[in-house]
>>> print(open('start.cif').read())   # mmCIF, C-alpha atoms
data_target
#
loop_
_atom_site.label_atom_id
_atom_site.label_comp_id
_atom_site.auth_asym_id
_atom_site.auth_seq_id
_atom_site.Cartn_x
_atom_site.Cartn_y
_atom_site.Cartn_z
CA MET A 1 -12.49 -45.91 34.53
CA GLU A 2 -10.58 -42.99 36.00
CA LEU A 3 -7.82 -43.42 33.41
CA ALA A 4 -10.38 -43.58 30.60
CA ARG A 5 -12.03 -40.41 31.88
CA LEU A 6 -8.69 -38.59 32.01
CA LEU A 7 -7.84 -39.74 28.50
CA LEU A 8 -11.21 -38.50 27.24
CA ILE A 9 -10.66 -35.10 28.90
CA ALA A 10 -7.20 -34.87 27.35
CA TRP A 11 -8.58 -35.78 23.91
CA LEU A 12 -11.37 -33.21 24.18
CA ALA A 13 -8.88 -30.55 25.26
CA ALA A 14 -6.64 -31.36 22.32
CA ALA A 15 -9.57 -31.30 19.94
CA GLY A 16 -10.69 -28.00 21.39
CA SER A 17 -7.26 -26.50 20.90
CA LEU A 18 -7.29 -27.61 17.27
CA VAL A 19 -10.65 -25.92 16.73
CA GLN A 20 -9.40 -22.77 18.39
CA ALA A 21 -6.31 -22.80 16.19
CA GLU A 22 -8.39 -22.38 13.01
CA VAL A 23 -8.23 -18.84 11.68
CA ALA A 24 -10.28 -17.07 9.02
CA VAL A 25 -10.45 -13.55 7.58
CA VAL A 26 -12.17 -11.88 4.63
CA ASP A 27 -9.74 -10.50 2.04
CA ASP A 28 -10.18 -7.40 -0.13
CA THR A 29 -12.10 -9.32 -2.79
CA GLY A 30 -14.70 -10.42 -0.24
CA ALA A 31 -13.44 -14.02 -0.19
CA THR A 32 -13.00 -15.82 3.12
CA VAL A 33 -9.49 -17.16 3.65
CA ARG A 34 -9.55 -20.03 6.12
CA LEU A 35 -6.55 -21.85 7.59
CA ALA A 36 -6.55 -24.87 9.88
CA GLN A 37 -3.92 -23.08 11.96
CA PRO A 38 -1.94 -19.83 11.68
CA ALA A 39 0.41 -19.76 8.69
CA ARG A 40 4.01 -20.78 9.26
CA ARG A 41 5.31 -20.40 5.70
CA ILE A 42 4.15 -17.26 3.88
CA VAL A 43 5.02 -16.06 0.39
CA SER A 44 4.41 -12.36 -0.30
CA LEU A 45 3.92 -11.27 -3.91
CA ALA A 46 4.58 -7.53 -3.54
CA PRO A 47 7.10 -5.36 -1.65
CA HIS A 48 4.42 -3.47 0.29
CA LEU A 49 2.83 -6.75 1.40
CA THR A 50 6.16 -7.94 2.77
CA GLU A 51 6.54 -4.68 4.68
CA THR A 52 3.03 -4.96 6.09
CA LEU A 53 3.64 -8.55 7.18
CA PHE A 54 6.65 -7.36 9.18
CA ALA A 55 4.53 -4.60 10.72
CA ALA A 56 1.99 -7.26 11.69
CA GLY A 57 4.67 -9.23 13.53
CA ALA A 58 4.85 -11.96 10.87
CA GLY A 59 8.18 -11.14 9.24
CA GLU A 60 9.91 -14.30 10.46
CA ARG A 61 7.27 -16.40 8.72
CA VAL A 62 7.83 -14.92 5.27
CA VAL A 63 9.84 -17.52 3.32
CA GLY A 64 9.54 -15.93 -0.12
CA THR A 65 8.94 -12.54 -1.66
CA VAL A 66 9.59 -10.50 -4.81
CA GLU A 67 12.17 -8.01 -6.04
CA TYR A 68 12.36 -4.59 -4.34
CA SER A 69 11.17 -6.01 -1.01
CA ASP A 70 13.71 -3.97 0.92
CA TYR A 71 11.96 -2.72 4.04
CA PRO A 72 12.60 -3.41 6.82
CA PRO A 73 16.23 -4.41 6.12
CA ALA A 74 15.51 -8.01 7.12
CA ALA A 75 13.20 -8.27 4.10
CA SER A 76 16.21 -8.02 1.80
CA ARG A 77 17.42 -11.44 2.98
CA ILE A 78 14.24 -13.32 2.03
CA THR A 79 14.29 -15.72 -0.96
CA ARG A 80 13.08 -14.08 -4.20
CA VAL A 81 10.39 -15.57 -6.43
CA GLY A 82 10.68 -13.05 -9.28
CA GLY A 83 9.01 -9.67 -9.57
CA TYR A 84 5.44 -8.83 -8.63
CA SER A 85 4.47 -8.61 -12.31
CA ARG A 86 6.60 -11.56 -13.49
CA LEU A 87 6.42 -14.30 -10.90
CA ASP A 88 8.35 -17.53 -11.03
CA LEU A 89 5.52 -19.89 -10.14
CA GLU A 90 7.84 -22.88 -9.79
CA ARG A 91 9.86 -21.07 -7.15
CA VAL A 92 6.69 -20.12 -5.30
CA ALA A 93 5.48 -23.73 -5.31
CA ALA A 94 8.89 -25.08 -4.28
CA LEU A 95 8.75 -23.03 -1.07
CA GLN A 96 5.62 -25.00 -0.04
CA PRO A 97 3.82 -22.02 1.49
CA ASP A 98 0.72 -22.53 3.59
CA LEU A 99 -0.35 -18.98 2.70
CA ILE A 100 0.28 -16.66 -0.24
CA ILE A 101 -0.43 -12.93 -0.03
CA ALA A 102 -1.24 -11.48 -3.47
CA TRP A 103 -1.75 -7.93 -4.77
CA GLN A 104 -4.92 -7.61 -6.82
CA SER A 105 -3.91 -4.68 -9.03
CA GLY A 106 -0.23 -5.63 -9.25
CA ASN A 107 0.02 -9.40 -9.74
CA ALA A 108 -1.19 -10.99 -12.97
CA ALA A 109 -4.61 -12.54 -12.39
CA ALA A 110 -3.55 -15.59 -14.38
CA HIS A 111 -0.65 -16.21 -11.97
CA VAL A 112 -2.88 -15.93 -8.92
CA ASP A 113 -5.48 -18.22 -10.49
CA ARG A 114 -2.79 -20.78 -11.32
CA LEU A 115 -1.48 -20.81 -7.75
CA ARG A 116 -5.02 -21.18 -6.44
CA ALA A 117 -5.62 -24.07 -8.84
CA LEU A 118 -2.54 -25.77 -7.39
CA GLY A 119 -4.27 -25.76 -4.02
CA PHE A 120 -2.50 -22.88 -2.29
CA ARG A 121 -4.41 -20.68 0.14
CA ILE A 122 -4.35 -17.09 -1.16
CA TYR A 123 -5.24 -13.81 0.53
CA VAL A 124 -5.78 -11.05 -2.05
CA SER A 125 -4.93 -7.50 -0.97
CA GLN A 126 -6.16 -4.23 -2.44
CA PRO A 127 -6.31 -1.43 0.18
CA ASN A 128 -7.66 1.64 -1.62
CA ARG A 129 -8.27 3.82 1.43
CA ILE A 130 -5.85 4.89 4.13
CA GLU A 131 -7.86 3.21 6.89
CA ASP A 132 -7.69 -0.08 4.97
CA VAL A 133 -4.00 -0.31 5.87
CA ALA A 134 -4.84 -0.72 9.57
CA SER A 135 -7.44 -3.37 8.78
CA GLU A 136 -4.95 -5.23 6.62
CA ILE A 137 -2.34 -5.26 9.38
CA GLU A 138 -4.93 -6.82 11.70
CA ARG A 139 -6.09 -9.45 9.20
CA LEU A 140 -2.54 -10.50 8.35
CA GLY A 141 -1.83 -10.75 12.06
CA VAL A 142 -4.77 -13.13 12.47
CA LEU A 143 -3.60 -15.31 9.58
CA ALA A 144 -0.03 -15.43 10.90
CA GLY A 145 -0.93 -15.91 14.57
CA SER A 146 0.58 -12.56 15.57
CA ALA A 147 -2.66 -10.73 16.34
CA PRO A 148 -1.43 -8.94 19.52
CA VAL A 149 1.51 -7.34 17.67
CA ALA A 150 -0.68 -6.53 14.69
CA GLY A 151 -3.35 -5.00 16.88
CA ARG A 152 -0.91 -2.61 18.50
CA ALA A 153 0.52 -1.59 15.11
CA ALA A 154 -2.96 -1.02 13.69
CA GLU A 155 -4.00 1.09 16.66
CA ALA A 156 -0.87 3.25 16.40
CA PHE A 157 -1.62 3.75 12.70
CA ARG A 158 -5.22 4.77 13.40
CA GLN A 159 -4.19 7.25 16.07
CA ARG A 160 -1.66 8.91 13.80
CA PHE A 161 -4.17 8.99 10.95
CA ALA A 162 -6.72 10.66 13.20
CA GLY A 163 -4.16 13.28 14.15
CA LEU A 164 -3.49 14.13 10.51
CA GLN A 165 -7.22 14.29 9.81
CA LYS A 166 -7.72 16.70 12.68
CA ARG A 167 -4.85 18.92 11.56
CA TYR A 168 -5.48 19.06 7.82
CA GLY A 169 -9.02 17.84 7.16
CA SER A 170 -10.59 21.30 7.16
CA ARG A 171 -7.86 23.20 5.33
CA PRO A 172 -8.76 25.14 2.16
CA PRO A 173 -8.59 22.82 -0.89
CA VAL A 174 -5.54 22.79 -3.13
CA ARG A 175 -5.97 21.58 -6.71
CA THR A 176 -3.27 18.93 -6.99
CA PHE A 177 -1.71 16.98 -9.86
CA TYR A 178 0.16 13.88 -8.74
CA GLU A 179 2.71 12.65 -11.27
CA ILE A 180 3.75 9.01 -10.98
CA TRP A 181 5.91 9.03 -14.08
CA LYS A 182 6.87 11.28 -16.98
CA GLN A 183 6.97 8.96 -20.03
CA PRO A 184 4.20 8.02 -20.33
CA LEU A 185 2.70 10.77 -18.22
CA MET A 186 0.85 8.90 -15.47
CA THR A 187 -1.22 10.06 -12.54
CA VAL A 188 -3.63 8.56 -9.98
CA GLY A 189 -7.37 8.06 -10.35
CA ARG A 190 -10.23 8.15 -7.87
CA GLN A 191 -9.73 4.65 -6.45
CA GLN A 192 -5.97 4.85 -5.93
CA ILE A 193 -4.92 5.21 -2.29
CA ILE A 194 -2.79 8.27 -3.13
CA SER A 195 -6.01 10.09 -4.00
CA ASP A 196 -7.14 9.34 -0.47
CA VAL A 197 -3.89 10.83 0.85
CA ILE A 198 -4.50 13.97 -1.22
CA ARG A 199 -8.01 14.24 0.27
CA LEU A 200 -6.59 13.75 3.78
CA CYS A 201 -4.35 16.79 3.21
CA GLY A 202 -7.23 18.94 2.02
CA GLY A 203 -6.18 18.55 -1.58
CA ASP A 204 -8.32 18.07 -4.67
CA ASN A 205 -6.93 15.57 -7.20
CA VAL A 206 -7.46 17.24 -10.60
CA PHE A 207 -7.89 13.78 -12.17
CA GLY A 208 -9.81 12.32 -9.26
CA GLN A 209 -12.87 11.73 -11.44
CA LEU A 210 -11.08 8.98 -13.38
CA ASP A 211 -11.79 5.38 -12.33
CA THR A 212 -8.51 3.94 -13.64
CA MET A 213 -5.95 3.30 -10.90
CA ALA A 214 -3.03 4.86 -12.80
CA PRO A 215 -4.41 6.66 -15.88
CA THR A 216 -2.23 8.08 -18.63
CA VAL A 217 -2.90 11.76 -19.33
CA THR A 218 -1.53 14.46 -21.63
CA VAL A 219 0.42 17.60 -20.89
CA GLU A 220 -2.44 19.53 -22.47
CA ALA A 221 -4.90 18.00 -20.01
CA VAL A 222 -2.71 19.07 -17.09
CA ILE A 223 -2.48 22.61 -18.48
CA VAL A 224 -6.27 22.76 -18.78
CA ALA A 225 -6.70 21.37 -15.24
CA ASN A 226 -4.35 24.13 -14.00
CA PRO A 227 -3.27 22.57 -10.67
CA GLU A 228 -2.07 24.74 -7.83
CA ALA A 229 0.45 22.08 -6.80
CA ILE A 230 2.31 19.41 -8.79
CA VAL A 231 3.64 16.49 -6.77
CA ALA A 232 5.97 13.84 -8.20
CA SER A 233 7.35 10.59 -6.85
CA GLY A 234 9.78 9.02 -9.34
CA MET A 235 11.79 5.88 -8.64
CA GLY A 236 13.97 6.50 -5.60
CA GLU A 237 14.96 8.81 -2.78
CA ALA A 238 16.14 11.59 -5.11
CA ARG A 239 13.86 14.22 -6.59
CA PRO A 240 13.31 13.31 -10.27
CA GLU A 241 14.92 15.74 -12.70
CA TRP A 242 11.89 15.59 -14.95
CA LEU A 243 9.78 17.38 -12.35
CA ASP A 244 11.42 20.59 -13.54
CA ASP A 245 10.20 19.98 -17.09
CA TRP A 246 7.02 21.71 -15.99
CA LEU A 247 8.89 25.01 -15.64
CA ARG A 248 8.32 25.73 -19.34
CA TRP A 249 4.54 25.89 -18.75
CA THR A 250 4.40 29.18 -16.88
CA THR A 251 0.63 29.53 -17.20
CA ILE A 252 0.10 26.66 -14.75
CA THR A 253 -0.52 28.08 -11.28
CA ALA A 254 1.75 25.49 -9.65
CA VAL A 255 4.62 26.58 -11.87
CA ALA A 256 4.00 30.29 -11.46
CA ARG A 257 4.10 29.94 -7.66
CA GLY A 258 6.95 27.44 -7.44
CA ASN A 259 4.77 24.64 -6.13
CA LEU A 260 6.64 21.66 -7.61
CA PHE A 261 7.03 19.10 -4.83
CA PHE A 262 8.57 15.67 -4.32
CA VAL A 263 7.52 12.78 -2.07
CA PRO A 264 9.72 9.62 -2.05
CA PRO A 265 7.75 6.79 -3.68
CA ASP A 266 8.37 4.28 -0.88
CA LEU A 267 6.53 6.62 1.49
CA ILE A 268 3.41 7.14 -0.59
CA GLN A 269 3.17 4.44 -3.25
CA ARG A 270 3.33 1.50 -0.84
CA HIS A 271 0.20 0.56 1.11
CA THR A 272 2.06 0.23 4.42
CA PRO A 273 2.29 2.02 7.77
CA ARG A 274 4.90 4.34 6.20
CA LEU A 275 2.10 5.72 4.02
CA LEU A 276 1.44 8.18 6.84
CA ASP A 277 5.04 9.41 6.59
CA GLY A 278 4.33 10.23 2.97
CA ALA A 279 0.97 11.76 3.90
CA ASP A 280 2.61 13.99 6.49
CA LEU A 281 5.11 15.23 3.91
CA LEU A 282 2.45 15.79 1.25
CA CYS A 283 0.26 17.68 3.71
CA ARG A 284 3.16 19.98 4.54
CA HIS A 285 3.78 20.58 0.83
CA LEU A 286 0.15 21.59 0.33
CA GLU A 287 0.43 23.92 3.33
CA THR A 288 3.36 25.54 1.56
CA ALA A 289 1.20 25.98 -1.53
CA ARG A 290 -1.49 27.66 0.59
CA SER A 291 1.10 30.00 2.08
CA ARG A 292 2.09 31.16 -1.40
CA ARG A 293 -1.35 32.34 -2.37
CA PRO A 294 -1.48 36.06 -3.10
CA THR A 295 -2.99 38.16 -0.37
CA LYS A 296 -5.98 40.28 -1.28
#
>>> encode(input="start.cif", output="structure tokens")
Amino acid sequence: MELARLLLIAWLAAAGSLVQAEVAVVDDTGATVRLAQPARRIVSLAPHLTETLFAAGAGERVVGTVEYSDYPPAASRITRVGGYSRLDLERVAALQPDLIIAWQSGNAAAHVDRLRALGFRIYVSQPNRIEDVASEIERLGVLAGSAPVAGRAAEAFRQRFAGLQKRYGSRPPVRTFYEIWKQPLMTVGRQQIISDVIRLCGGDNVFGQLDTMAPTVTVEAVIVANPEAIVASGMGEARPEWLDDWLRWTTITAVARGNLFFVPPDLIQRHTPRLLDGADLLCRHLETARSRRPTK
């Protein structure tokens, strides 16, 4: 009887541990993602998602990712499954992931639906506000079983964010045009996280009334909007030459005052902890624009 009792206790303990191992979070579409245990094999379908997984302490569990996943350096050694907009679904399936992290506005919906139809668990990400980055770090940490690391990273992010809010939140507004690309001429709309960064810095996105994430606009529309600052990102670490194309439009306040600024795209166009590095730089640029206002 004593042996039977001990076996029953051991079985109940094991069963209890299995129940405790189950994890569940709500993704950015409102869907609940439930796993029987923390993910061991994760495929990330966007560079910023790979970076955020590393920040959440789950980098060693990422077995597949897409092109341009280059931060931190260890991400460059992960198996590629195509690009975020042109996935190789066979490669994804061959990696036998127990969790796939998808980007709602970047991955093709048909690809995500196909992977879901194949039975893969999918967490869909779409952080549109700065504070959503901290929440995402925490949720990915839960799914990967690295919640303590993720919690510390999220808290550090929130503290730094609060510091930037305190420093720049009440500064006089600066009408700002953010240029993603020259041809076609693309900017950011109301729901894009870069608009939130502009607001953090006390800026006013001149196309912030548009609902499209990355709307195409005309040069004439920018001239009419008359921004006080023009900020460009481009493709890499170097300031894009086409930023200086605005110099011909001397009636724009930003041009007249020399307020043509550059922020590296990896620091502001990726929804990761480094977003605050980009925010810090953008805020300083807008402070420069304020300092160039004529004195009365």
>>> resolve_selection(input="start.cif", expression="the PyMOL selection byres ((chain A and resi 207) around 8)", output="list in words")
Phe177, Thr187, Val188, Gly189, Arg190, Asn205, Val206, Gly208, Gln209 and Leu210 of chain A
>>> atom_distance(input="start.cif", atom1="atom CA of A:Arg199", atom2="atom CA of A:Thr218")
22.8 Å
>>> closest_atom_pairs(input="start.cif", of="stretch 105-217 of chain A", to="stretch 38-60 of chain A", cutoff="6 Å", atoms="all atoms listed in the file", output="tab-separated table")
residue	atom	partner	partner_atom	distance
A:Ile137	CA	A:Ala56	CA	5.3
A:Gly141	CA	A:Ala56	CA	5.2
A:Leu143	CA	A:Pro38	CA	5.3
A:Ala144	CA	A:Pro38	CA	4.9
A:Gly145	CA	A:Pro38	CA	5.0
A:Ser146	CA	A:Gly57	CA	5.7
A:Val149	CA	A:Gly57	CA	5.5
A:Ala150	CA	A:Ala56	CA	4.1
>>> resolve_selection(input="start.cif", expression="the PyMOL selection byres ((chain A and resi 256) around 12)", output="list in words")
Asn226, Pro227, Glu228, Ala229, Ile230, Trp246, Leu247, Arg248, Trp249, Thr250, Thr251, Ile252, Thr253, Ala254, Val255, Arg257, Gly258, Asn259, Leu260, Ala289, Arg292, Arg293 and Pro294 of chain A
>>> resolve_selection(input="start.cif", expression="the PyMOL selection byres ((chain A and resi 281) around 12)", output="number ranges by chain")
A: 164, 168, 197-198, 200-201, 231, 233, 261-265, 267-268, 274-280, 282-288
>>> write_last_selection(input="start.cif", atoms="C-alpha atoms", output="PDB file, keeping the file's coordinate frame")
ATOM      1  CA  LEU A 164      -3.490  14.130  10.510  1.00  0.00           C
ATOM      2  CA  TYR A 168      -5.480  19.060   7.820  1.00  0.00           C
ATOM      3  CA  VAL A 197      -3.890  10.830   0.850  1.00  0.00           C
ATOM      4  CA  ILE A 198      -4.500  13.970  -1.220  1.00  0.00           C
ATOM      5  CA  LEU A 200      -6.590  13.750   3.780  1.00  0.00           C
ATOM      6  CA  CYS A 201      -4.350  16.790   3.210  1.00  0.00           C
ATOM      7  CA  VAL A 231       3.640  16.490  -6.770  1.00  0.00           C
ATOM      8  CA  SER A 233       7.350  10.590  -6.850  1.00  0.00           C
ATOM      9  CA  PHE A 261       7.030  19.100  -4.830  1.00  0.00           C
ATOM     10  CA  PHE A 262       8.570  15.670  -4.320  1.00  0.00           C
ATOM     11  CA  VAL A 263       7.520  12.780  -2.070  1.00  0.00           C
ATOM     12  CA  PRO A 264       9.720   9.620  -2.050  1.00  0.00           C
ATOM     13  CA  PRO A 265       7.750   6.790  -3.680  1.00  0.00           C
ATOM     14  CA  LEU A 267       6.530   6.620   1.490  1.00  0.00           C
ATOM     15  CA  ILE A 268       3.410   7.140  -0.590  1.00  0.00           C
ATOM     16  CA  ARG A 274       4.900   4.340   6.200  1.00  0.00           C
ATOM     17  CA  LEU A 275       2.100   5.720   4.020  1.00  0.00           C
ATOM     18  CA  LEU A 276       1.440   8.180   6.840  1.00  0.00           C
ATOM     19  CA  ASP A 277       5.040   9.410   6.590  1.00  0.00           C
ATOM     20  CA  GLY A 278       4.330  10.230   2.970  1.00  0.00           C
ATOM     21  CA  ALA A 279       0.970  11.760   3.900  1.00  0.00           C
ATOM     22  CA  ASP A 280       2.610  13.990   6.490  1.00  0.00           C
ATOM     23  CA  LEU A 282       2.450  15.790   1.250  1.00  0.00           C
ATOM     24  CA  CYS A 283       0.260  17.680   3.710  1.00  0.00           C
ATOM     25  CA  ARG A 284       3.160  19.980   4.540  1.00  0.00           C
ATOM     26  CA  HIS A 285       3.780  20.580   0.830  1.00  0.00           C
ATOM     27  CA  LEU A 286       0.150  21.590   0.330  1.00  0.00           C
ATOM     28  CA  GLU A 287       0.430  23.920   3.330  1.00  0.00           C
ATOM     29  CA  THR A 288       3.360  25.540   1.560  1.00  0.00           C
TER      30      THR A 288
END
>>> residues_around(input="start.cif", residues="A:Thr29", least_positions_apart="6", cutoff="12 Å", atoms="all atoms listed in the file", output="list in words")
Ala102, Trp103, Gln104, Ser105, Ile122, Tyr123, Val124, Ser125, Gln126, Pro127 and Asn128 of chain A
>>> atom_distance(input="start.cif", atom1="atom CA of A:Leu118", atom2="atom CA of A:Val92")
11.0 Å
>>> closest_residue(input="start.cif", among="A:Arg167, A:Glu237, A:Arg139, A:Arg91", to="A:Ala154", atoms="only C-alpha atoms")
A:Arg139
>>> closest_residue(input="start.cif", among="A:Gly163, A:Pro173, A:Pro184, A:Gly64", to="A:Ala94", atoms="only C-alpha atoms")
A:Gly64
>>> axis_aligned_box(input="start.cif", around="stretch 99-114 of chain A", padding_each_side="5 Å", output="JSON")
{"center_x": -2.6, "center_y": -12.7, "center_z": -5.8, "size_x": 15.8, "size_y": 26.1, "size_z": 27.1}
>>> closest_residue(input="start.cif", among="A:Val62, A:Ala36, A:Val133, A:Leu243", to="A:Asp196", atoms="all atoms listed in the file")
A:Val133
>>> atom_distance(input="start.cif", atom1="atom CA of A:Glu155", atom2="atom CA of A:Asp132")
12.3 Å
>>> residues_near_point(input="start.cif", point="(-4.3, 28.3, 1.4)", cutoff="6 Å", atoms="all atoms listed in the file", output="PyMOL selection string")
chain A and resi 172+290-291
>>> write_last_selection(input="start.cif", atoms="C-alpha atoms", output="CSV table (one decimal), in the frame of the given file")
chain,number,residue,atom,x,y,z
A,172,PRO,CA,-8.8,25.1,2.2
A,290,ARG,CA,-1.5,27.7,0.6
A,291,SER,CA,1.1,30.0,2.1
>>> residues_around(input="start.cif", residues="A:Gly119", least_positions_apart="5", cutoff="12 Å", atoms="only C-alpha atoms", output="NGL selection string")
:A and (93 or 96-100 or 112-114)
>>> write_last_selection(input="start.cif", atoms="C-alpha atoms", output="PDB file, in the frame of the given file")
ATOM      1  CA  ALA A  93       5.480 -23.730  -5.310  1.00  0.00           C
ATOM      2  CA  GLN A  96       5.620 -25.000  -0.040  1.00  0.00           C
ATOM      3  CA  PRO A  97       3.820 -22.020   1.490  1.00  0.00           C
ATOM      4  CA  ASP A  98       0.720 -22.530   3.590  1.00  0.00           C
ATOM      5  CA  LEU A  99      -0.350 -18.980   2.700  1.00  0.00           C
ATOM      6  CA  ILE A 100       0.280 -16.660  -0.240  1.00  0.00           C
ATOM      7  CA  VAL A 112      -2.880 -15.930  -8.920  1.00  0.00           C
ATOM      8  CA  ASP A 113      -5.480 -18.220 -10.490  1.00  0.00           C
ATOM      9  CA  ARG A 114      -2.790 -20.780 -11.320  1.00  0.00           C
TER      10      ARG A 114
END
>>> closest_residue(input="start.cif", among="A:Phe120, A:Ser195, A:Pro240, A:Glu179", to="A:Val219", atoms="only C-alpha atoms")
A:Glu179
